[in-house]
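One file, work-v9.txt, carrying compact mmCIF, C-alpha atoms and all ligand atoms:
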```
# COMPACT_ATOMS: atom_id res chain seq x y z
CA MET A 1 12.54 -26.29 3.09
CA GLU A 2 13.56 -25.73 6.68
CA LYS A 3 14.27 -22.06 7.15
CA VAL A 4 13.52 -19.81 4.16
CA ARG A 5 16.83 -18.51 2.78
CA LEU A 6 15.92 -14.88 2.17
CA ALA A 7 17.58 -11.72 0.86
CA VAL A 8 16.20 -8.20 1.18
CA LEU A 9 17.09 -5.76 -1.61
CA GLY A 10 16.87 -2.08 -0.73
CA LEU A 11 17.45 -1.01 2.86
CA ASN A 12 15.37 2.09 3.25
CA GLN A 13 11.79 0.81 3.06
CA GLY A 14 13.31 -2.71 3.04
CA ALA A 15 14.97 -2.17 6.44
CA LYS A 16 11.72 -3.13 8.15
CA ALA A 17 11.59 -6.50 6.31
CA ALA A 18 15.28 -7.11 7.12
CA ARG A 19 14.72 -6.40 10.83
CA ASP A 20 11.54 -8.51 10.92
CA SER A 21 13.41 -11.36 9.18
CA VAL A 22 15.95 -11.53 11.99
CA GLU A 23 13.10 -11.89 14.49
CA ASN A 24 11.31 -14.57 12.48
CA PRO A 25 12.45 -18.11 13.39
CA GLU A 26 11.40 -19.41 9.95
CA ILE A 27 13.71 -17.03 8.06
CA ASP A 28 17.44 -17.21 7.48
CA LEU A 29 18.42 -13.73 6.30
CA VAL A 30 21.44 -14.67 4.22
CA ALA A 31 22.15 -11.37 2.42
CA VAL A 32 20.96 -7.80 1.96
CA GLY A 33 21.31 -5.42 -1.00
CA GLY A 34 22.00 -1.70 -0.94
CA PHE A 35 24.70 0.92 -0.72
CA GLY A 36 25.45 4.06 1.24
CA GLU A 37 25.60 4.82 4.95
CA GLN A 38 22.04 3.81 5.76
CA ALA A 39 22.36 0.43 3.98
CA GLU A 40 25.67 -0.24 5.76
CA ALA A 41 24.12 0.57 9.14
CA VAL A 42 21.10 -1.71 8.54
CA ALA A 43 23.31 -4.55 7.26
CA ALA A 44 25.48 -4.29 10.39
CA GLU A 45 22.39 -4.21 12.61
CA VAL A 46 20.85 -7.36 11.07
CA GLY A 47 24.21 -9.10 10.73
CA ALA A 48 23.87 -9.97 7.04
CA PRO A 49 26.46 -9.50 4.27
CA LEU A 50 25.77 -6.40 2.16
CA TYR A 51 25.88 -6.41 -1.65
CA ALA A 52 25.96 -3.07 -3.43
CA ASP A 53 24.52 -4.65 -6.58
CA TYR A 54 21.65 -7.15 -6.58
CA GLN A 55 23.01 -9.02 -9.62
CA ASP A 56 26.23 -9.74 -7.72
CA LEU A 57 24.13 -10.98 -4.78
CA PHE A 58 22.09 -13.32 -7.01
CA ASP A 59 25.30 -14.64 -8.63
CA LYS A 60 26.89 -15.50 -5.28
CA VAL A 61 24.08 -16.41 -2.85
CA GLU A 62 21.64 -19.30 -3.11
CA LEU A 63 18.14 -18.13 -2.19
CA ASP A 64 14.62 -19.48 -1.70
CA ALA A 65 13.03 -16.04 -1.58
CA VAL A 66 13.68 -12.35 -2.06
CA VAL A 67 12.07 -9.12 -0.84
CA ILE A 68 12.52 -6.38 -3.45
CA ALA A 69 12.30 -2.86 -2.02
CA LEU A 70 14.32 -1.11 -4.72
CA PRO A 71 13.42 2.11 -6.58
CA ASN A 72 10.37 1.47 -8.79
CA GLY A 73 12.31 1.62 -12.06
CA LEU A 74 14.37 -1.38 -10.88
CA HIS A 75 11.38 -3.61 -10.05
CA TRP A 76 11.18 -5.36 -13.43
CA PRO A 77 14.97 -5.71 -13.96
CA ALA A 78 15.37 -7.10 -10.42
CA VAL A 79 12.44 -9.56 -10.78
CA ASP A 80 13.88 -10.69 -14.13
CA SER A 81 17.30 -11.32 -12.54
CA ALA A 82 15.76 -13.09 -9.53
CA LEU A 83 13.81 -15.47 -11.76
CA LYS A 84 16.89 -16.14 -13.91
CA ALA A 85 18.73 -17.02 -10.67
CA GLY A 86 16.01 -19.62 -9.99
CA ILE A 87 14.28 -17.82 -7.09
CA LYS A 88 10.66 -19.00 -6.75
CA ASN A 89 9.25 -16.58 -4.17
CA ILE A 90 9.18 -12.81 -4.61
CA LEU A 91 7.73 -10.15 -2.32
CA LEU A 92 7.80 -6.99 -4.43
CA GLU A 93 7.16 -3.54 -2.99
CA LYS A 94 4.34 -1.43 -4.36
CA PRO A 95 3.85 -0.10 -6.99
CA ILE A 96 4.34 -3.35 -8.89
CA ALA A 97 6.21 -1.15 -11.41
CA ASP A 98 6.30 2.39 -12.78
CA THR A 99 4.69 1.36 -16.05
CA VAL A 100 1.93 -1.00 -17.16
CA GLU A 101 4.39 -2.62 -19.58
CA ASP A 102 6.93 -3.45 -16.83
CA ALA A 103 4.12 -4.71 -14.59
CA GLN A 104 2.85 -7.05 -17.32
CA ASN A 105 6.41 -8.32 -17.90
CA ILE A 106 6.71 -9.10 -14.18
CA ILE A 107 3.39 -10.96 -14.11
CA ASP A 108 4.11 -12.98 -17.27
CA ALA A 109 7.65 -13.89 -16.21
CA CYS A 110 6.53 -15.04 -12.74
CA HIS A 111 3.75 -17.18 -14.25
CA GLU A 112 6.18 -18.70 -16.75
CA ALA A 113 8.69 -19.53 -13.98
CA GLY A 114 5.96 -20.84 -11.65
CA ALA A 115 7.09 -18.34 -9.00
CA ASN A 116 5.01 -16.90 -6.16
CA LEU A 117 4.59 -13.14 -6.56
CA LEU A 118 3.21 -11.07 -3.69
CA ILE A 119 2.87 -7.29 -4.11
CA GLY A 120 3.60 -5.32 -0.95
CA HIS A 121 0.29 -3.51 -0.54
CA GLN A 122 0.61 -4.10 3.18
CA ARG A 123 -2.67 -2.49 4.16
CA ARG A 124 -4.39 -5.64 2.83
CA SER A 125 -2.98 -7.18 6.04
CA SER A 126 -4.19 -4.32 8.27
CA ALA A 127 -6.55 -5.45 11.04
CA THR A 128 -8.61 -2.24 10.74
CA MET A 129 -8.99 -2.60 6.95
CA LEU A 130 -9.89 -6.29 7.25
CA PHE A 131 -12.51 -5.45 9.89
CA LEU A 132 -14.15 -2.83 7.66
CA LYS A 133 -13.99 -5.14 4.62
CA LYS A 134 -15.93 -7.80 6.54
CA PHE A 135 -18.36 -5.22 7.98
CA ILE A 136 -19.18 -4.01 4.45
CA ALA A 137 -19.41 -7.54 3.02
CA GLU A 138 -21.91 -8.45 5.77
CA GLY A 139 -24.13 -5.57 4.60
CA LYS A 140 -23.88 -3.66 7.89
CA LEU A 141 -23.47 -0.32 6.07
CA GLY A 142 -26.27 -1.11 3.61
CA ASP A 143 -25.52 0.09 0.08
CA ILE A 144 -22.39 2.21 -0.16
CA VAL A 145 -23.33 5.70 -1.31
CA GLY A 146 -20.01 7.52 -1.15
CA ILE A 147 -16.53 7.67 0.37
CA GLN A 148 -14.29 10.43 1.69
CA CYS A 149 -10.60 9.74 2.05
CA SER A 150 -7.41 11.70 2.69
CA GLU A 151 -3.65 11.18 2.76
CA ILE A 152 -2.00 14.12 4.51
CA TYR A 153 1.73 14.10 5.19
CA ALA A 154 4.56 16.55 5.58
CA LYS A 155 7.64 14.80 4.22
CA PRO A 156 10.98 16.36 5.23
CA ASP A 157 13.16 18.11 2.62
CA SER A 158 15.71 15.27 2.93
CA TYR A 159 13.15 12.90 1.36
CA PHE A 160 13.21 14.68 -1.98
CA THR A 161 16.35 13.31 -3.64
CA GLY A 162 16.94 10.87 -6.51
CA TRP A 163 13.84 9.16 -7.89
CA HIS A 164 11.68 10.78 -5.17
CA THR A 165 11.87 13.98 -7.25
CA GLU A 166 10.49 12.13 -10.30
CA SER A 167 7.47 10.34 -8.71
CA GLY A 168 4.92 12.28 -6.70
CA PRO A 169 2.36 11.35 -4.05
CA LEU A 170 -0.22 10.16 -6.61
CA LEU A 171 2.03 7.25 -7.60
CA ILE A 172 3.83 6.78 -4.28
CA ASN A 173 1.04 7.29 -1.73
CA ALA A 174 -2.40 7.49 -3.37
CA ILE A 175 -1.74 4.03 -4.77
CA HIS A 176 -2.32 2.70 -1.24
CA ASP A 177 -5.73 4.35 -0.99
CA VAL A 178 -6.75 3.22 -4.48
CA ASP A 179 -5.85 -0.32 -3.48
CA ASP A 180 -7.49 -0.07 -0.02
CA LEU A 181 -10.78 1.19 -1.45
CA HIS A 182 -10.94 -1.62 -4.00
CA TYR A 183 -9.91 -4.22 -1.41
CA ILE A 184 -12.39 -3.26 1.30
CA THR A 185 -15.39 -2.51 -0.95
CA GLY A 186 -14.76 -4.81 -3.92
CA MET A 187 -15.75 -1.88 -6.19
CA LYS A 188 -13.96 -1.08 -9.45
CA VAL A 189 -13.03 2.43 -10.53
CA LYS A 190 -14.89 3.54 -13.68
CA SER A 191 -13.50 7.04 -14.11
CA VAL A 192 -11.32 9.60 -12.37
CA TYR A 193 -10.90 13.35 -12.39
CA VAL A 194 -7.88 15.01 -10.76
CA ALA A 195 -6.95 18.63 -10.09
CA SER A 196 -3.34 18.70 -8.92
CA ARG A 197 -0.91 21.40 -7.81
CA ASN A 198 2.84 21.77 -7.26
CA SER A 199 2.59 25.03 -5.35
CA ILE A 200 4.49 23.79 -2.27
CA ARG A 201 7.83 22.68 -3.77
CA HIS A 202 7.34 24.06 -7.30
CA GLY A 203 8.90 20.86 -8.71
CA LYS A 204 7.93 19.01 -11.87
CA ILE A 205 5.71 16.57 -9.95
CA GLU A 206 2.52 17.26 -8.01
CA ASP A 207 2.65 17.87 -4.27
CA SER A 208 -1.11 17.91 -3.68
CA ALA A 209 -4.22 16.79 -5.55
CA SER A 210 -7.99 16.51 -5.26
CA VAL A 211 -9.49 13.44 -6.88
CA ILE A 212 -13.00 12.32 -7.74
CA PHE A 213 -13.45 8.60 -8.29
CA GLU A 214 -16.60 7.16 -9.89
CA TYR A 215 -17.10 3.45 -9.35
CA GLU A 216 -18.69 1.01 -11.79
CA GLU A 217 -21.10 0.04 -9.01
CA GLY A 218 -22.35 3.65 -8.72
CA PRO A 219 -20.80 5.24 -5.63
CA THR A 220 -18.38 8.16 -5.78
CA CYS A 221 -15.35 9.05 -3.69
CA THR A 222 -13.64 12.35 -3.02
CA PHE A 223 -9.99 12.13 -2.03
CA PHE A 224 -7.40 14.75 -1.09
CA ILE A 225 -3.69 14.05 -0.92
CA SER A 226 -0.70 16.19 -0.05
CA ASP A 227 2.85 15.32 0.98
CA GLY A 228 3.72 18.86 2.05
CA THR A 229 1.04 19.76 4.62
CA PRO A 230 1.27 18.91 8.33
CA GLY A 231 -1.81 17.08 9.58
CA PRO A 232 -2.98 13.79 11.04
CA TRP A 233 -5.60 12.81 8.39
CA GLY A 234 -3.61 10.12 6.58
CA TYR A 235 -3.65 6.40 7.31
CA ASP A 236 0.04 6.21 8.30
CA LEU A 237 -0.38 8.87 11.00
CA ALA A 238 -3.86 7.82 12.05
CA ALA A 239 -3.89 4.03 12.08
CA GLN A 240 -1.67 3.24 15.08
CA GLU A 241 -0.39 0.31 13.04
CA MET A 242 2.76 1.73 11.48
CA HIS A 243 6.07 0.90 13.11
CA PHE A 244 7.83 4.16 12.27
CA ILE A 245 5.28 6.65 13.61
CA ASP A 246 4.52 7.01 17.29
CA CYS A 247 2.22 10.03 17.50
CA TYR A 248 -1.51 9.58 17.04
CA HIS A 249 -4.28 12.14 17.25
CA GLY A 250 -7.46 10.11 17.07
CA GLU A 251 -8.43 11.31 13.58
CA ASN A 252 -9.96 9.30 10.75
CA SER A 253 -8.39 9.10 7.28
CA LEU A 254 -11.33 7.28 5.70
CA ARG A 255 -15.10 7.56 5.96
CA VAL A 256 -17.47 5.20 4.18
CA PHE A 257 -21.10 6.32 3.89
CA GLY A 258 -23.87 3.76 3.47
CA THR A 259 -27.67 3.67 3.48
CA LYS A 260 -27.69 2.05 6.94
CA GLY A 261 -24.87 4.07 8.50
CA SER A 262 -21.37 5.44 8.20
CA PHE A 263 -18.01 4.13 9.33
CA GLY A 264 -14.83 6.02 10.25
CA LEU A 265 -11.44 4.33 9.99
CA PRO A 266 -9.13 3.92 11.86
CA ASN A 267 -11.22 5.11 14.84
CA MET A 268 -13.55 2.18 14.13
CA ASP A 269 -16.77 4.06 14.91
CA PHE A 270 -20.09 3.19 13.26
CA TYR A 271 -22.83 5.85 13.20
CA TYR A 272 -26.47 4.91 12.61
CA TYR A 273 -30.08 5.50 13.70
CA LEU A 274 -32.32 3.09 15.56
CA PRO A 275 -34.99 1.90 13.07
CA GLU A 276 -37.82 3.26 15.22
CA ARG A 277 -36.11 6.64 15.61
CA TYR A 278 -34.68 7.32 12.15
CA GLY A 279 -33.85 10.80 10.91
CA TRP A 280 -31.60 13.75 11.49
CA THR A 281 -33.45 15.15 14.49
CA GLU A 282 -33.27 11.76 16.26
CA PRO A 283 -30.29 10.68 18.42
CA LEU A 284 -27.46 9.49 16.18
CA GLN A 285 -26.09 6.24 17.61
CA LYS A 286 -22.35 5.50 17.77
CA LYS A 287 -20.90 2.05 18.17
CA HIS A 288 -17.16 1.68 18.68
CA PHE A 289 -15.27 -1.48 17.73
CA GLU A 290 -11.95 -2.47 19.28
CA VAL A 291 -9.49 -4.25 17.00
CA GLY A 292 -5.88 -5.23 17.50
CA ARG A 293 -3.30 -3.11 15.68
CA PRO A 294 -0.55 -5.50 14.55
CA ASP A 295 1.96 -4.02 12.14
CA PRO A 296 0.62 -4.77 8.62
CA ALA A 297 4.13 -4.90 7.09
CA THR A 298 5.12 -7.64 9.54
CA ALA A 299 1.84 -9.44 8.81
CA THR A 300 2.62 -9.22 5.07
CA LEU A 301 6.07 -10.77 5.56
CA ASN A 302 4.50 -13.58 7.64
CA HIS A 303 1.98 -14.18 4.84
CA PHE A 304 4.87 -14.29 2.36
CA ILE A 305 6.57 -17.01 4.43
CA ASP A 306 3.27 -18.95 4.44
CA LEU A 307 3.35 -18.76 0.62
CA CYS A 308 7.02 -19.82 0.48
CA LYS A 309 6.26 -22.85 2.65
CA GLY A 310 3.07 -23.75 0.76
CA ARG A 311 0.84 -23.21 3.80
CA GLU A 312 -1.04 -20.64 1.73
CA THR A 313 -1.41 -20.67 -2.04
CA VAL A 314 -3.14 -17.39 -2.92
CA PRO A 315 -1.14 -14.18 -2.49
CA ARG A 316 -3.11 -11.51 -0.63
CA CYS A 317 -2.16 -9.12 -3.44
CA THR A 318 -1.39 -10.83 -6.76
CA GLY A 319 0.54 -9.28 -9.62
CA GLU A 320 -2.74 -8.85 -11.53
CA GLU A 321 -4.25 -6.95 -8.59
CA GLY A 322 -1.13 -4.82 -8.30
CA LEU A 323 -1.43 -4.03 -12.02
CA ALA A 324 -5.15 -3.16 -11.75
CA THR A 325 -4.28 -0.68 -8.98
CA LEU A 326 -1.39 0.73 -11.04
CA LYS A 327 -3.77 1.29 -14.00
CA VAL A 328 -6.04 3.43 -11.82
CA VAL A 329 -3.02 5.44 -10.65
CA ARG A 330 -1.83 5.92 -14.25
CA ALA A 331 -5.35 7.24 -14.99
CA LEU A 332 -4.98 9.69 -12.09
CA LEU A 333 -1.69 10.93 -13.52
CA LYS A 334 -3.21 11.29 -16.98
CA SER A 335 -6.18 13.22 -15.64
CA ALA A 336 -3.87 15.50 -13.64
CA GLU A 337 -1.90 16.21 -16.81
CA THR A 338 -4.82 16.66 -19.23
CA HIS A 339 -7.41 18.20 -16.86
CA GLN A 340 -9.89 15.70 -18.35
CA VAL A 341 -12.01 12.92 -16.90
CA VAL A 342 -10.20 9.63 -17.66
CA GLU A 343 -12.23 6.46 -18.13
CA LEU A 344 -10.71 3.11 -17.12
CA ASP A 345 -10.78 0.26 -19.65
N1 LIG B 1 4.70 -0.19 1.21
C1 LIG B 1 5.00 1.03 1.61
O1 LIG B 1 4.32 1.62 2.44
C2 LIG B 1 6.21 1.72 1.03
C3 LIG B 1 6.74 2.85 1.65
C4 LIG B 1 7.88 3.44 1.09
C5 LIG B 1 8.44 2.92 -0.07
N2 LIG B 1 7.85 1.83 -0.65
C6 LIG B 1 8.43 1.27 -1.89
O2 LIG B 1 9.68 0.67 -1.58
C7 LIG B 1 10.57 0.82 -2.69
C8 LIG B 1 11.84 1.52 -2.23
O3 LIG B 1 11.51 2.83 -1.81
P1 LIG B 1 12.52 3.66 -0.90
O4 LIG B 1 11.83 4.94 -0.55
O5 LIG B 1 13.03 2.80 0.18
O6 LIG B 1 13.68 3.95 -1.96
P2 LIG B 1 15.13 4.52 -1.69
O7 LIG B 1 15.63 5.05 -2.98
O8 LIG B 1 15.11 5.42 -0.49
O9 LIG B 1 15.99 3.23 -1.26
C9 LIG B 1 16.31 2.26 -2.22
C10 LIG B 1 17.31 1.27 -1.68
O10 LIG B 1 17.72 0.43 -2.78
C11 LIG B 1 19.17 0.32 -2.80
N3 LIG B 1 19.58 0.08 -4.18
C12 LIG B 1 19.43 0.87 -5.26
N4 LIG B 1 19.95 0.29 -6.36
C13 LIG B 1 20.41 -0.94 -5.97
C14 LIG B 1 21.04 -2.02 -6.64
N5 LIG B 1 21.31 -1.99 -7.96
N6 LIG B 1 21.38 -3.14 -5.93
C15 LIG B 1 21.12 -3.21 -4.61
N7 LIG B 1 20.54 -2.19 -3.92
C16 LIG B 1 20.20 -1.07 -4.59
C17 LIG B 1 19.64 1.66 -2.22
O11 LIG B 1 20.95 1.56 -1.74
C18 LIG B 1 18.60 1.86 -1.09
O12 LIG B 1 18.97 1.08 0.03
C19 LIG B 1 9.80 1.58 -3.75
O13 LIG B 1 9.19 0.67 -4.63
C20 LIG B 1 8.72 2.31 -2.95
O14 LIG B 1 7.57 2.63 -3.71
C21 LIG B 1 6.78 1.22 -0.12
```
Using structure tokens, write down the structure that the file contains.
Amino acid sequence: MEKVRLAVLGLNQGAKAARDSVENPEIDLVAVGGFGEQAEAVAAEVGAPLYADYQDLFDKVELDAVVIALPNGLHWPAVDSALKAGIKNILLEKPIADTVEDAQNIIDACHEAGANLLIGHQRRSSATMLFLKKFIAEGKLGDIVGIQCSEIYAKPDSYFTGWHTESGPLLINAIHDVDDLHYITGMKVKSVYVASRNSIRHGKIEDSASVIFEYEEGPTCTFFISDGTPGPWGYDLAAQEMHFIDCYHGENSLRVFGTKGSFGLPNMDFYYYLPERYGWTEPLQKKHFEVGRPDPATATLNHFIDLCKGRETVPRCTGEEGLATLKVVRALLKSAETHQVVELD
């Protein structure tokens, strides 16, 4: 395979992958999928033919690989069609699917076809997350005791159309944090409790929620999410890694507390005591770490091309990992609905 013949389906979130593809000398962006003004503008910008229906695109264009950034309910149908068209490399946006059943269908069908499946949990390619993952694995925090995390956004009214009125921030946004926390700590969620509200938009889905996670390994995490409150305490606004946000306020969205010290991300500050001067009346030490801030979505696409070309063989987020994360999010939704603690299998 010389250049990877790639199509990008869905040109809202997928616009980033389409633009990155044009910049990548190993990719030949041969088609894009989508409809409406925005899709037409992105297709013109990247100079690729636009197909309003992905099935039509698969019927007419020969492809090595596809990026699927379609509404969640289309993930399984689109993967199914891609595999039937003989495509062997699929980068599928998160969540892997809306439902556990669809997710399992995707995983089984990709295994059966011998296709690479990478789920687009792009923060697994974030330099700040990878730094903290290594820091924890090296035991620098000691034993993890607890975690505090937040996802605060104010999405504009124009966001809430179509399927965005059916799926709330627990499925759309908290799924990132669930995945991040598992990826950087290696811990598995044992149970969840959620108190959610819809007092901002009064719609049928939640617009804010407080969550308590208990991990099998013992630690607990408290997490607050809202997509209708202005504030800088969410990864996207805090990390200085996201291509579409250019205002940063130096706030953390994640704090991990350990027996040897605590770490704030994305400010990359580690707080601890000197062994000979340990205790709350002693001077608390602060060590700052500098890391690069490459765009994690671009890094994910580059990793996908490595998989397509066989330079790497293990997807950074497999279908099974995407499903495990989805199961935790489904438990969050169930707890929000029932007001009960929900245990994971
Ligand atoms: N990784 C992230 O940080 C992130 C961020 C936002 C969205 N997402 C995910 O990306 C996916 C898309 O989300 P979105 O907000 O861009 O959705 P959207 O509804 O705004 O856009 C969907 C796109 O798909 C196109 N489309 C719909 N049906 C099609 C069809 N049959 N054939 C071809 N094109 C079709 C639409 O024209 C549009 O371009 C979702 O899975 C979402 O969860 C991921």
Please return, as a ChimeraX atom specification, all polymer residues that have at least one atom within 9 Å of the point (-9.6, 3.6, -6.5); use all atoms listed in the file and the file's own coordinate frame.
-> /A:174-175,177-182,187-190,192,213-215,221,325,328-329
May I have the residues within 7 Å of ligand LIG 1 (chain B), computed using all atoms listed in the file, as a PyMOL selection string?
-> chain A and resi 9-14+33-36+39+51-54+69-72+93-95+120-122+162-163+172
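Of the residues listed (A:His288, A:Lys309, A:Arg19, A:His176), A:His176 shows the shortest atom-to-atom separation from Ile96 (chain A); distances use all atoms listed in the file.
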If you count all atoms listed in the file, which residues fall within 9 Å of Lys133 (chain A), apart from same-chain ones fewer than 5 positions away, as a VMD selection string?
-> chain A and resid 128 138 183 to 186
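The space between CA of Ala78 (chain A) and CA of Leu92 (chain A) spans 9.7 Å.
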May I ask for the distance between CA of Glu112 (chain A) and CA of Val314 (chain A), given in Å to one decimal place?
-> 16.7 Å
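Taking all atoms listed in the file into account, the protein, DNA and RNA residues within 12 Å of (-20.9, 12.6, 15.5) read Gly261, Ser262, Phe263, Gly264, Asp269, Phe270, Tyr271, Tyr272, Tyr273, Trp280, Pro283, Leu284, Gln285, Lys286, Lys287 and His288 of chain A.
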So that I have them on file, write out the residues from the current selection with C-alpha atoms, as a short mmCIF file (atom, residue, chain, number, x, y, z; two decimals), in the coordinates of the input.
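Saved file part29.cif follows:
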```cif
data_model
loop_
_atom_site.label_atom_id
_atom_site.label_comp_id
_atom_site.auth_asym_id
_atom_site.auth_seq_id
_atom_site.Cartn_x
_atom_site.Cartn_y
_atom_site.Cartn_z
CA GLY A 261 -24.87 4.07 8.50
CA SER A 262 -21.37 5.44 8.20
CA PHE A 263 -18.01 4.13 9.33
CA GLY A 264 -14.83 6.02 10.25
CA ASP A 269 -16.77 4.06 14.91
CA PHE A 270 -20.09 3.19 13.26
CA TYR A 271 -22.83 5.85 13.20
CA TYR A 272 -26.47 4.91 12.61
CA TYR A 273 -30.08 5.50 13.70
CA TRP A 280 -31.60 13.75 11.49
CA PRO A 283 -30.29 10.68 18.42
CA LEU A 284 -27.46 9.49 16.18
CA GLN A 285 -26.09 6.24 17.61
CA LYS A 286 -22.35 5.50 17.77
CA LYS A 287 -20.90 2.05 18.17
CA HIS A 288 -17.16 1.68 18.68
#
```
For Val341 (chain A), the closest of A:Ser81, A:Ile212, A:Ala154, A:Glu206 counting only C-alpha atoms is A:Ile212
Do you know which residues are at most 12 Å from Leu63 (chain A) counting all atoms listed in the file, after dropping those on the same chain fewer than 6 positions away, and could you put them as a PyMOL selection string?
-> chain A and resi 1+3-8+27-32+57+82-90+308
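Going from CA of Met242 (chain A) over to CA of Ser126 (chain A), you cover 9.8 Å.
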Nearby residues (all atoms listed in the file) at most 9 Å from Ile147 (chain A), same-chain spacing under 5 positions excluded, as a list in words = Leu181, Pro219, Thr220, Cys221, Thr222, Phe223, Leu254, Arg255, Val256, Phe257 and Gly258 of chain A
Using all atoms of region 289-301 of chain A that appear in the file, construct an axis-aligned enclosing box with 6 Å of padding on every side and provide its centre coordinates and edge lengths in Å, rounded to one decimal, as AutoDock Vina command-line options.
```
--center_x -4.6 --center_y -6.1 --center_z 12.2 --size_x 33.3 --size_y 21.3 --size_z 26.2
```
